[in-house]
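**Q** Following this message is one structure expressed as structure tokens.
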There are 4 protein chains.
Amino acid sequence: MDEISAGPGRPRDPKVDDAILTGTVEVLTERGWAGTTIEEVASRSGVAKSSIYRRYGSKAALVAAAATRDRATRFPGFDTGSAWGDLTAFILGSLRMLASVWKQVLPGMLAEAAADPEISTVVQEFWVWRREAIAGIVRRGVERGEIRAETDPELVLDLFDGPVLFRLLVTRAPLDGRYADRLVDEVMRIIGTSWH
Amino acid sequence: MDEISAGPGRPRDPKVDDAILTGTVEVLTERGWAGTTIEEVASRSGVAKSSIYRRYGSKAALVAAAATRDRATRFPGFDTGSAWGDLTAFILGSLRMLASVWKQVLPGMLAEAAADPEISTVVQEFWVWRREAIAGIVRRGVERGEIRAETDPELVLDLFDGPVLFRLLVTRAPLDGRYADRLVDEVMRIIGTSWH
Amino acid sequence: MDEISAGPGRPRDPKVDDAILTGTVEVLTERGWAGTTIEEVASRSGVAKSSIYRRYGSKAALVAAAATRDRATRFPGFDTGSAWGDLTAFILGSLRMLASVWKQVLPGMLAEAAADPEISTVVQEFWVWRREAIAGIVRRGVERGEIRAETDPELVLDLFDGPVLFRLLVTRAPLDGRYADRLVDEVMRIIGTSWH
Amino acid sequence: MDEISAGPGRPRDPKVDDAILTGTVEVLTERGWAGTTIEEVASRSGVAKSSIYRRYGSKAALVAAAATRDRATRFPGFDTGSAWGDLTAFILGSLRMLASVWKQVLPGMLAEAAADPEISTVVQEFWVWRREAIAGIVRRGVERGEIRAETDPELVLDLFDGPVLFRLLVTRAPLDGRYADRLVDEVMRIIGTSWH
DNA sequence: TATTAATCGAGACGGTACGTCAAGTCTTCTA
DNA sequence: TAGAAGACTTGACGTACCGTCTCGATTAATA
């Protein structure tokens, strides 16, 4: 995916790459999605506006890149030995990640994605690994006999991320550990082979 | 809330009220949330910009008003005699309403609400009657013995609107009758007193 | 020529008109034609950029307006009783006007006019009254018998402004009183009825 | 001033020299002075921008070089046997040269020269040979007794190029053969020893 | 019947950010 | 070193809307 060897011409300066994304996260943190302007990111990161536009065609693309870089660093592993434990670890990790900048950024991102297919793609890619993580948990749970064999991972993601998104965007109800427990409880009631 | 008798001075022209909201829906339909500008709404509806600002303080407030007016006309009743039927009617009605303009408008609205508390209030009010509708369905279901007594209507809304929102904003998976059936199925598995 | 009564809408603020043109002359004086930017004029005159663009479509149009306003205030009358005196007064007045800002501005103006027909029009209008002034001098001279009856005022303007422009733009030879005398001398040699 | 033998390193490629100037004239022809950019010249002539900047410090310097190269090829000799004939040949040749690209280029050049002394020098050098050509014509005319002995060639140039420049830049009056005749007529009326 | 006060359309106003463009400089690889 | 390629900083461009404001012209209820 990455260019290994350079073509002709001056190669892009990785320090500039870095400064842009770091500056983006900074401005997002301070000003939120709507208050973030390319102009501010440029002046903040000591980089020319044109150097940003050369890389990213829009604010949304820029923020998406920053988010993608951030994701890699934040999410730990989870394989606790039980479906219950795995799901709890997964949802808690998600909520922890959300608690940072991205809680403020996500709404704007999603709005942009609704209009711009290119951004939509980026957003969906952002969710692909979540689906795969869930699929892994489900597979292990089925092998252990904790989860029903015909379970669709897509459905589980629906039931996890849907309500979280709903609370984040609409009801603004708290997204804490107790809520995580309840979510896992409900989901296991649907996909589990038995219940206490 | 509404002024019943006029004070001194020229009263507001109801034709202007109407032209504004109608024009707003028109522009939203054609241009989507981001492409909708107050200036365009004004020129489209043959109304002065100041006449819009006199009524609504922002684009979001304007759109919220248009949405509220629209809601009243679109949503039919539902009381089918069974919890299963009620929930299905409710979710199908919701999906039908979403299929119109508001699918395009909702993301932008929610993004704005995330930043502006005033808009957030409007959005939440928009959801209040949904909670109440669900509460009614649950109450009737409990009385009939179809739904477990301790069921929290809030939770049911979570499980309905969450996944729908998730699909709408993120995965863009289809929101059709089959999906509605599956949703009701899952929810009833959680809140129902028995299952087949 | 001027609008006496206003159309609908807020009328243009004459203080803004004035601030813009005054600021333009200021910036031109300090920075010259090339160094003058609309942005600088705006910030200097405490006026929004859009208020300038609302009035003038380009730098050249803006400067032309400033020049036109300036012309009215700078040029005194001339009717000295003899063709010789009139022409001398005319050419001296012209050189005096040139000695101010406009010496620096004219080249850029003319370059712009060469490309943009609209500017060209403005520039030519700027020269119309010179043609007319010359025509008046010629007419009076013919009546007095000092100037040959068939004299074409256009030609006289050619012979006056041409060499001045040439010196200004190319040779940068001095444009002083002695040169003015010589110019009048030459021209009278062509259009005069006799010579000493 | 020119490097005769190369120092160390790769010598400059004369094909590049040529491509640059040829491309410059091409672009000037198509786009005029203002529309000509170094970037376009570079891509047009298949040469790197840095190869242009290595040779010429600015757009004006580049265009000046192109003009200088062009001048040598265009202007024929003139020595017709009479002052009248010489002057007519000279002015007609000048007008013919002007009719090409340079009519469009001159205004921009002169504007630049007004601000940049370096360009001003180039422009003045461009006029030196005209002064000398006129000086030759005058000298021969004086020897033949057609032109008054005290005639200043500088003045003649003033009277020729001034009006031409004026018409070119300002009035846009036609510059054809008839005008050439009239110009010669007027000038001879001033510097000639007699008239018909 | 006049007065008063708010509305209406229109459009100017000071702003802010946009995305584009060209200038001139710098950095890499290749010849 | 030159040369091609292209990234880089800089700075102005002209545009689009924002939300506020000032006009002159209505439009009722009040005096």
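Note on naming: chains are A, B, ... as they come in the structure tokens, residues start from 1 per chain, ligands start from 1 in the order shown.
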Can you check which parts of chain A lie within 8 Å of chain F? Per residue, the shortest pair of atoms and distance in Å to one decimal, counting only C-alpha atoms (C1' of nucleotides), sorted by chain and number, as CSV.
**A**
```
residue,atom,partner,partner_atom,distance
A:Pro8,CA,F:DA5,C1',5.3
A:Gly9,CA,F:DA5,C1',3.9
A:Arg10,CA,F:DA7,C1',5.4
A:Pro11,CA,F:DA7,C1',6.4
A:Arg12,CA,F:DA7,C1',5.9
A:Asp13,CA,F:DA7,C1',7.8
A:Val47,CA,F:DT9,C1',7.8
A:Ala48,CA,F:DT9,C1',6.0
A:Ser51,CA,F:DC8,C1',7.4
```
**Q** From stretch 3-154 of chain D, collect each residue whose DSSP state is helix (DSSP H, G or I) and return the set as a ChimeraX atom specification.
**A** /D:14-35,38-45,49-55,59-74,83-98,102-115,117-144,153-154
**Q** Can you tell me, as a ChimeraX atom specification, what residues are no more than 9 Å from B:Ala149 when counting only C-alpha atoms (C1' of nucleotides), ignoring any on the same chain fewer than 4 positions away?
**A** /B:138-139,141-143,145,191,193
**Q** Export, as a PDB file, in the first residue's frame, the selected residues with N, CA, C and O atoms.
**A**
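Full text of part_18.pdb as output:
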```
ATOM      1  N   VAL B 138     -44.979  -1.165  25.277  1.00  0.00           N
ATOM      2  CA  VAL B 138     -44.488  -2.045  26.336  1.00  0.00           C
ATOM      3  C   VAL B 138     -45.576  -2.244  27.389  1.00  0.00           C
ATOM      4  O   VAL B 138     -45.837  -3.370  27.840  1.00  0.00           O
ATOM      5  N   ARG B 139     -46.235  -1.149  27.771  1.00  0.00           N
ATOM      6  CA  ARG B 139     -47.270  -1.251  28.807  1.00  0.00           C
ATOM      7  C   ARG B 139     -48.380  -2.228  28.382  1.00  0.00           C
ATOM      8  O   ARG B 139     -48.745  -3.143  29.123  1.00  0.00           O
ATOM      9  N   GLY B 141     -48.131  -4.562  26.216  1.00  0.00           N
ATOM     10  CA  GLY B 141     -47.553  -5.910  26.131  1.00  0.00           C
ATOM     11  C   GLY B 141     -47.451  -6.565  27.495  1.00  0.00           C
ATOM     12  O   GLY B 141     -47.718  -7.772  27.653  1.00  0.00           O
ATOM     13  N   VAL B 142     -47.057  -5.779  28.509  1.00  0.00           N
ATOM     14  CA  VAL B 142     -46.945  -6.312  29.862  1.00  0.00           C
ATOM     15  C   VAL B 142     -48.321  -6.733  30.352  1.00  0.00           C
ATOM     16  O   VAL B 142     -48.501  -7.817  30.932  1.00  0.00           O
ATOM     17  N   GLU B 143     -49.314  -5.870  30.085  1.00  0.00           N
ATOM     18  CA  GLU B 143     -50.678  -6.202  30.507  1.00  0.00           C
ATOM     19  C   GLU B 143     -51.163  -7.509  29.879  1.00  0.00           C
ATOM     20  O   GLU B 143     -51.832  -8.313  30.508  1.00  0.00           O
ATOM     21  N   GLY B 145     -49.260  -9.877  29.075  1.00  0.00           N
ATOM     22  CA  GLY B 145     -48.382 -10.971  29.460  1.00  0.00           C
ATOM     23  C   GLY B 145     -47.383 -11.367  28.383  1.00  0.00           C
ATOM     24  O   GLY B 145     -46.717 -12.384  28.463  1.00  0.00           O
ATOM     25  N   ILE B 191     -36.923  -9.011  25.612  1.00  0.00           N
ATOM     26  CA  ILE B 191     -37.949  -8.499  26.522  1.00  0.00           C
ATOM     27  C   ILE B 191     -39.185  -9.396  26.603  1.00  0.00           C
ATOM     28  O   ILE B 191     -40.056  -9.188  27.453  1.00  0.00           O
ATOM     29  N   THR B 193     -41.637 -12.762  27.169  1.00  0.00           N
ATOM     30  CA  THR B 193     -41.758 -13.708  28.270  1.00  0.00           C
ATOM     31  C   THR B 193     -41.519 -15.135  27.813  1.00  0.00           C
ATOM     32  O   THR B 193     -41.331 -16.036  28.623  1.00  0.00           O
TER      33      THR B 193
END
```
**Q** Under the rule that only C-alpha atoms (C1' of nucleotides) are counted, which of B:Ile38, B:Leu155, B:Val170, B:Arg54 is the nearest residue to E:DC8?
**A**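 With only C-alpha atoms (C1' of nucleotides) as the atom set, the closest residue is B:Arg54.
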**Q** Quick one: which residues from chain B are at most 6 Å off chain A, using only C-alpha atoms, as a PyMOL selection string?
**A** chain B and resi 107-108+111+158+162-163+166
**Q** Could you give me, as a PDB file with all heavy atoms, in the first residue's frame, the residues within 10 Å of stretch 16-21 of chain E, counting only C-alpha atoms (C1' of nucleotides) and dropping anything in the same chain fewer than 4 positions from it?
**A**
```pdb
ATOM      1  N   THR A  37     -10.583  24.291  11.171  1.00  0.00           N
ATOM      2  CA  THR A  37     -10.443  24.740   9.791  1.00  0.00           C
ATOM      3  C   THR A  37      -9.073  24.341   9.267  1.00  0.00           C
ATOM      4  O   THR A  37      -8.112  24.258  10.020  1.00  0.00           O
ATOM      5  CB  THR A  37     -10.564  26.261   9.679  1.00  0.00           C
ATOM      6  OG1 THR A  37      -9.437  26.867  10.346  1.00  0.00           O
ATOM      7  CG2 THR A  37     -11.835  26.762  10.321  1.00  0.00           C
ATOM      8  N   ILE A  38      -9.037  24.106   7.976  1.00  0.00           N
ATOM      9  CA  ILE A  38      -7.766  23.746   7.355  1.00  0.00           C
ATOM     10  C   ILE A  38      -6.749  24.848   7.619  1.00  0.00           C
ATOM     11  O   ILE A  38      -5.580  24.592   7.864  1.00  0.00           O
ATOM     12  CB  ILE A  38      -7.956  23.552   5.838  1.00  0.00           C
ATOM     13  CG1 ILE A  38      -8.996  22.478   5.580  1.00  0.00           C
ATOM     14  CG2 ILE A  38      -6.628  23.250   5.175  1.00  0.00           C
ATOM     15  CD1 ILE A  38      -8.503  21.179   5.076  1.00  0.00           C
ATOM     16  N   GLU A  39      -7.216  26.063   7.563  1.00  0.00           N
ATOM     17  CA  GLU A  39      -6.324  27.202   7.752  1.00  0.00           C
ATOM     18  C   GLU A  39      -5.667  27.143   9.142  1.00  0.00           C
ATOM     19  O   GLU A  39      -4.470  27.374   9.292  1.00  0.00           O
ATOM     20  CB  GLU A  39      -7.133  28.503   7.613  1.00  0.00           C
ATOM     21  CG  GLU A  39      -6.371  29.607   6.921  1.00  0.00           C
ATOM     22  CD  GLU A  39      -7.244  30.291   5.859  1.00  0.00           C
ATOM     23  OE1 GLU A  39      -8.332  30.762   6.214  1.00  0.00           O
ATOM     24  OE2 GLU A  39      -6.828  30.338   4.686  1.00  0.00           O
ATOM     25  N   GLU A  40      -6.478  26.829  10.138  1.00  0.00           N
ATOM     26  CA  GLU A  40      -5.947  26.763  11.492  1.00  0.00           C
ATOM     27  C   GLU A  40      -4.959  25.604  11.636  1.00  0.00           C
ATOM     28  O   GLU A  40      -3.897  25.739  12.232  1.00  0.00           O
ATOM     29  CB  GLU A  40      -7.107  26.605  12.486  1.00  0.00           C
ATOM     30  CG  GLU A  40      -6.707  26.293  13.911  1.00  0.00           C
ATOM     31  CD  GLU A  40      -6.170  27.496  14.648  1.00  0.00           C
ATOM     32  OE1 GLU A  40      -6.139  28.595  14.057  1.00  0.00           O
ATOM     33  OE2 GLU A  40      -5.754  27.344  15.813  1.00  0.00           O
ATOM     34  N   LYS A  49      -0.824  25.694   3.710  1.00  0.00           N
ATOM     35  CA  LYS A  49      -2.132  25.163   3.382  1.00  0.00           C
ATOM     36  C   LYS A  49      -2.038  24.243   2.166  1.00  0.00           C
ATOM     37  O   LYS A  49      -2.662  23.189   2.133  1.00  0.00           O
ATOM     38  CB  LYS A  49      -3.084  26.331   3.078  1.00  0.00           C
ATOM     39  CG  LYS A  49      -4.427  26.175   3.674  1.00  0.00           C
ATOM     40  CD  LYS A  49      -5.397  27.347   3.499  1.00  0.00           C
ATOM     41  CE  LYS A  49      -5.119  28.382   2.468  1.00  0.00           C
ATOM     42  NZ  LYS A  49      -6.385  29.064   2.062  1.00  0.00           N
ATOM     43  N   SER A  50      -1.248  24.653   1.184  1.00  0.00           N
ATOM     44  CA  SER A  50      -1.169  23.853  -0.039  1.00  0.00           C
ATOM     45  C   SER A  50      -0.575  22.471   0.226  1.00  0.00           C
ATOM     46  O   SER A  50      -0.866  21.532  -0.491  1.00  0.00           O
ATOM     47  CB  SER A  50      -0.363  24.592  -1.101  1.00  0.00           C
ATOM     48  OG  SER A  50       0.869  25.010  -0.586  1.00  0.00           O
ATOM     49  N   TYR A  53      -3.535  20.473   1.235  1.00  0.00           N
ATOM     50  CA  TYR A  53      -4.413  20.164   0.108  1.00  0.00           C
ATOM     51  C   TYR A  53      -3.761  19.179  -0.855  1.00  0.00           C
ATOM     52  O   TYR A  53      -4.454  18.474  -1.581  1.00  0.00           O
ATOM     53  CB  TYR A  53      -4.812  21.440  -0.630  1.00  0.00           C
ATOM     54  CG  TYR A  53      -5.970  22.156   0.031  1.00  0.00           C
ATOM     55  CD1 TYR A  53      -5.789  23.376   0.652  1.00  0.00           C
ATOM     56  CD2 TYR A  53      -7.235  21.590   0.043  1.00  0.00           C
ATOM     57  CE1 TYR A  53      -6.848  24.033   1.266  1.00  0.00           C
ATOM     58  CE2 TYR A  53      -8.295  22.230   0.652  1.00  0.00           C
ATOM     59  CZ  TYR A  53      -8.104  23.460   1.258  1.00  0.00           C
ATOM     60  OH  TYR A  53      -9.144  24.085   1.856  1.00  0.00           O
ATOM     61  N   GLY A  57      -8.009  16.024   0.205  1.00  0.00           N
ATOM     62  CA  GLY A  57      -8.869  16.878  -0.583  1.00  0.00           C
ATOM     63  C   GLY A  57      -9.896  17.657   0.213  1.00  0.00           C
ATOM     64  O   GLY A  57     -10.557  18.541  -0.317  1.00  0.00           O
ATOM     65  N   SER A  58     -10.049  17.331   1.471  1.00  0.00           N
ATOM     66  CA  SER A  58     -11.088  17.988   2.248  1.00  0.00           C
ATOM     67  C   SER A  58     -10.802  17.828   3.733  1.00  0.00           C
ATOM     68  O   SER A  58      -9.960  17.022   4.125  1.00  0.00           O
ATOM     69  CB  SER A  58     -12.446  17.372   1.947  1.00  0.00           C
ATOM     70  OG  SER A  58     -12.456  16.037   2.395  1.00  0.00           O
TER      71      SER A  58
ATOM     72  P    DA F  12      -0.123  39.439   0.452  1.00  0.00           P
ATOM     73  OP1  DA F  12       0.934  40.458   0.386  1.00  0.00           O
ATOM     74  OP2  DA F  12      -0.875  39.186   1.706  1.00  0.00           O
ATOM     75  O5'  DA F  12      -1.209  39.721  -0.678  1.00  0.00           O
ATOM     76  C5'  DA F  12      -0.828  39.703  -2.040  1.00  0.00           C
ATOM     77  C4'  DA F  12      -1.851  38.921  -2.829  1.00  0.00           C
ATOM     78  O4'  DA F  12      -1.810  37.548  -2.437  1.00  0.00           O
ATOM     79  C3'  DA F  12      -3.287  39.381  -2.602  1.00  0.00           C
ATOM     80  O3'  DA F  12      -3.674  40.123  -3.757  1.00  0.00           O
ATOM     81  C2'  DA F  12      -4.076  38.078  -2.415  1.00  0.00           C
ATOM     82  C1'  DA F  12      -3.064  36.970  -2.731  1.00  0.00           C
ATOM     83  N9   DA F  12      -3.210  35.780  -1.905  1.00  0.00           N
ATOM     84  C8   DA F  12      -3.039  35.691  -0.551  1.00  0.00           C
ATOM     85  N7   DA F  12      -3.237  34.478  -0.070  1.00  0.00           N
ATOM     86  C5   DA F  12      -3.566  33.725  -1.176  1.00  0.00           C
ATOM     87  C6   DA F  12      -3.896  32.364  -1.343  1.00  0.00           C
ATOM     88  N6   DA F  12      -3.937  31.489  -0.340  1.00  0.00           N
ATOM     89  N1   DA F  12      -4.168  31.935  -2.587  1.00  0.00           N
ATOM     90  C2   DA F  12      -4.118  32.807  -3.589  1.00  0.00           C
ATOM     91  N3   DA F  12      -3.826  34.103  -3.567  1.00  0.00           N
ATOM     92  C4   DA F  12      -3.555  34.507  -2.320  1.00  0.00           C
ATOM     93  P    DC F  13      -5.101  40.644  -4.013  1.00  0.00           P
ATOM     94  OP1  DC F  13      -5.013  41.726  -5.006  1.00  0.00           O
ATOM     95  OP2  DC F  13      -5.788  40.833  -2.719  1.00  0.00           O
ATOM     96  O5'  DC F  13      -5.749  39.389  -4.724  1.00  0.00           O
ATOM     97  C5'  DC F  13      -5.130  38.858  -5.893  1.00  0.00           C
ATOM     98  C4'  DC F  13      -5.878  37.626  -6.306  1.00  0.00           C
ATOM     99  O4'  DC F  13      -5.705  36.603  -5.305  1.00  0.00           O
ATOM    100  C3'  DC F  13      -7.378  37.837  -6.401  1.00  0.00           C
ATOM    101  O3'  DC F  13      -7.693  38.054  -7.750  1.00  0.00           O
ATOM    102  C2'  DC F  13      -7.987  36.542  -5.864  1.00  0.00           C
ATOM    103  C1'  DC F  13      -6.824  35.756  -5.321  1.00  0.00           C
ATOM    104  N1   DC F  13      -6.952  35.232  -3.927  1.00  0.00           N
ATOM    105  C2   DC F  13      -7.275  33.894  -3.714  1.00  0.00           C
ATOM    106  O2   DC F  13      -7.499  33.183  -4.693  1.00  0.00           O
ATOM    107  N3   DC F  13      -7.343  33.425  -2.438  1.00  0.00           N
ATOM    108  C4   DC F  13      -7.078  34.231  -1.408  1.00  0.00           C
ATOM    109  N4   DC F  13      -7.140  33.719  -0.173  1.00  0.00           N
ATOM    110  C5   DC F  13      -6.739  35.598  -1.605  1.00  0.00           C
ATOM    111  C6   DC F  13      -6.696  36.057  -2.865  1.00  0.00           C
ATOM    112  P    DG F  14      -8.737  39.196  -8.102  1.00  0.00           P
ATOM    113  OP1  DG F  14      -8.602  39.539  -9.523  1.00  0.00           O
ATOM    114  OP2  DG F  14      -8.619  40.246  -7.075  1.00  0.00           O
ATOM    115  O5'  DG F  14     -10.123  38.449  -7.900  1.00  0.00           O
ATOM    116  C5'  DG F  14     -10.415  37.378  -8.798  1.00  0.00           C
ATOM    117  C4'  DG F  14     -11.432  36.459  -8.192  1.00  0.00           C
ATOM    118  O4'  DG F  14     -10.934  35.961  -6.936  1.00  0.00           O
ATOM    119  C3'  DG F  14     -12.773  37.140  -7.881  1.00  0.00           C
ATOM    120  O3'  DG F  14     -13.796  36.325  -8.415  1.00  0.00           O
ATOM    121  C2'  DG F  14     -12.781  37.211  -6.363  1.00  0.00           C
ATOM    122  C1'  DG F  14     -11.976  35.972  -6.000  1.00  0.00           C
ATOM    123  N9   DG F  14     -11.401  36.044  -4.672  1.00  0.00           N
ATOM    124  C8   DG F  14     -10.749  37.110  -4.094  1.00  0.00           C
ATOM    125  N7   DG F  14     -10.347  36.871  -2.880  1.00  0.00           N
ATOM    126  C5   DG F  14     -10.757  35.569  -2.633  1.00  0.00           C
ATOM    127  C6   DG F  14     -10.604  34.768  -1.477  1.00  0.00           C
ATOM    128  O6   DG F  14     -10.065  35.052  -0.407  1.00  0.00           O
ATOM    129  N1   DG F  14     -11.171  33.502  -1.656  1.00  0.00           N
ATOM    130  C2   DG F  14     -11.810  33.073  -2.805  1.00  0.00           C
ATOM    131  N2   DG F  14     -12.294  31.835  -2.801  1.00  0.00           N
ATOM    132  N3   DG F  14     -11.948  33.825  -3.885  1.00  0.00           N
ATOM    133  C4   DG F  14     -11.404  35.051  -3.732  1.00  0.00           C
ATOM    134  P    DT F  15     -15.302  36.595  -8.092  1.00  0.00           P
ATOM    135  OP1  DT F  15     -16.057  36.285  -9.313  1.00  0.00           O
ATOM    136  OP2  DT F  15     -15.427  37.888  -7.407  1.00  0.00           O
ATOM    137  O5'  DT F  15     -15.614  35.441  -7.044  1.00  0.00           O
ATOM    138  C5'  DT F  15     -15.212  34.113  -7.342  1.00  0.00           C
ATOM    139  C4'  DT F  15     -15.894  33.180  -6.364  1.00  0.00           C
ATOM    140  O4'  DT F  15     -15.207  33.240  -5.097  1.00  0.00           O
ATOM    141  C3'  DT F  15     -17.351  33.528  -6.098  1.00  0.00           C
ATOM    142  O3'  DT F  15     -18.101  32.325  -6.210  1.00  0.00           O
ATOM    143  C2'  DT F  15     -17.338  34.130  -4.697  1.00  0.00           C
ATOM    144  C1'  DT F  15     -16.132  33.467  -4.047  1.00  0.00           C
ATOM    145  N1   DT F  15     -15.429  34.275  -3.016  1.00  0.00           N
ATOM    146  C2   DT F  15     -15.168  33.716  -1.792  1.00  0.00           C
ATOM    147  O2   DT F  15     -15.506  32.578  -1.509  1.00  0.00           O
ATOM    148  N3   DT F  15     -14.504  34.521  -0.897  1.00  0.00           N
ATOM    149  C4   DT F  15     -14.084  35.817  -1.115  1.00  0.00           C
ATOM    150  O4   DT F  15     -13.499  36.434  -0.225  1.00  0.00           O
ATOM    151  C5   DT F  15     -14.383  36.351  -2.417  1.00  0.00           C
ATOM    152  C7   DT F  15     -13.965  37.749  -2.744  1.00  0.00           C
ATOM    153  C6   DT F  15     -15.025  35.562  -3.293  1.00  0.00           C
ATOM    154  P    DA F  16     -19.700  32.316  -6.078  1.00  0.00           P
ATOM    155  OP1  DA F  16     -20.195  31.230  -6.937  1.00  0.00           O
ATOM    156  OP2  DA F  16     -20.174  33.710  -6.241  1.00  0.00           O
ATOM    157  O5'  DA F  16     -19.936  31.890  -4.578  1.00  0.00           O
ATOM    158  C5'  DA F  16     -19.263  30.742  -4.093  1.00  0.00           C
ATOM    159  C4'  DA F  16     -19.637  30.534  -2.658  1.00  0.00           C
ATOM    160  O4'  DA F  16     -18.816  31.358  -1.799  1.00  0.00           O
ATOM    161  C3'  DA F  16     -21.084  30.908  -2.359  1.00  0.00           C
ATOM    162  O3'  DA F  16     -21.592  29.875  -1.546  1.00  0.00           O
ATOM    163  C2'  DA F  16     -20.955  32.239  -1.604  1.00  0.00           C
ATOM    164  C1'  DA F  16     -19.627  32.063  -0.891  1.00  0.00           C
ATOM    165  N9   DA F  16     -18.904  33.293  -0.570  1.00  0.00           N
ATOM    166  C8   DA F  16     -18.765  34.406  -1.344  1.00  0.00           C
ATOM    167  N7   DA F  16     -18.043  35.355  -0.802  1.00  0.00           N
ATOM    168  C5   DA F  16     -17.668  34.828   0.415  1.00  0.00           C
ATOM    169  C6   DA F  16     -16.896  35.333   1.466  1.00  0.00           C
ATOM    170  N6   DA F  16     -16.330  36.544   1.455  1.00  0.00           N
ATOM    171  N1   DA F  16     -16.713  34.547   2.546  1.00  0.00           N
ATOM    172  C2   DA F  16     -17.276  33.330   2.553  1.00  0.00           C
ATOM    173  N3   DA F  16     -18.033  32.739   1.628  1.00  0.00           N
ATOM    174  C4   DA F  16     -18.190  33.554   0.572  1.00  0.00           C
ATOM    175  P    DC F  17     -23.172  29.560  -1.508  1.00  0.00           P
ATOM    176  OP1  DC F  17     -23.390  28.204  -1.961  1.00  0.00           O
ATOM    177  OP2  DC F  17     -23.882  30.689  -2.133  1.00  0.00           O
ATOM    178  O5'  DC F  17     -23.425  29.607   0.054  1.00  0.00           O
ATOM    179  C5'  DC F  17     -23.016  30.765   0.684  1.00  0.00           C
ATOM    180  C4'  DC F  17     -22.899  30.569   2.142  1.00  0.00           C
ATOM    181  O4'  DC F  17     -21.790  31.367   2.561  1.00  0.00           O
ATOM    182  C3'  DC F  17     -24.142  31.081   2.857  1.00  0.00           C
ATOM    183  O3'  DC F  17     -24.416  30.254   3.978  1.00  0.00           O
ATOM    184  C2'  DC F  17     -23.779  32.514   3.184  1.00  0.00           C
ATOM    185  C1'  DC F  17     -22.230  32.518   3.256  1.00  0.00           C
ATOM    186  N1   DC F  17     -21.610  33.749   2.667  1.00  0.00           N
ATOM    187  C2   DC F  17     -20.575  34.375   3.358  1.00  0.00           C
ATOM    188  O2   DC F  17     -20.190  33.873   4.418  1.00  0.00           O
ATOM    189  N3   DC F  17     -20.042  35.523   2.866  1.00  0.00           N
ATOM    190  C4   DC F  17     -20.489  36.029   1.712  1.00  0.00           C
ATOM    191  N4   DC F  17     -19.920  37.156   1.266  1.00  0.00           N
ATOM    192  C5   DC F  17     -21.536  35.392   0.982  1.00  0.00           C
ATOM    193  C6   DC F  17     -22.067  34.258   1.481  1.00  0.00           C
ATOM    194  P    DC F  18     -25.554  30.493   5.003  1.00  0.00           P
ATOM    195  OP1  DC F  18     -25.969  29.191   5.569  1.00  0.00           O
ATOM    196  OP2  DC F  18     -26.517  31.378   4.352  1.00  0.00           O
ATOM    197  O5'  DC F  18     -24.835  31.307   6.158  1.00  0.00           O
ATOM    198  C5'  DC F  18     -23.679  30.730   6.780  1.00  0.00           C
ATOM    199  C4'  DC F  18     -23.058  31.745   7.691  1.00  0.00           C
ATOM    200  O4'  DC F  18     -22.431  32.775   6.908  1.00  0.00           O
ATOM    201  C3'  DC F  18     -24.067  32.464   8.580  1.00  0.00           C
ATOM    202  O3'  DC F  18     -24.034  31.890   9.872  1.00  0.00           O
ATOM    203  C2'  DC F  18     -23.602  33.912   8.619  1.00  0.00           C
ATOM    204  C1'  DC F  18     -22.474  33.986   7.629  1.00  0.00           C
ATOM    205  N1   DC F  18     -22.573  35.068   6.613  1.00  0.00           N
ATOM    206  C2   DC F  18     -21.854  36.241   6.799  1.00  0.00           C
ATOM    207  O2   DC F  18     -21.202  36.376   7.838  1.00  0.00           O
ATOM    208  N3   DC F  18     -21.912  37.203   5.851  1.00  0.00           N
ATOM    209  C4   DC F  18     -22.641  37.015   4.749  1.00  0.00           C
ATOM    210  N4   DC F  18     -22.652  37.983   3.829  1.00  0.00           N
ATOM    211  C5   DC F  18     -23.382  35.827   4.534  1.00  0.00           C
ATOM    212  C6   DC F  18     -23.326  34.881   5.485  1.00  0.00           C
TER     213       DC F  18
END
```
**Q** Residues of chain E within 12 Å of chain D, counting only C-alpha atoms (C1' of nucleotides), what are they? List them as a ChimeraX atom specification.
**A** /E:21-27,31
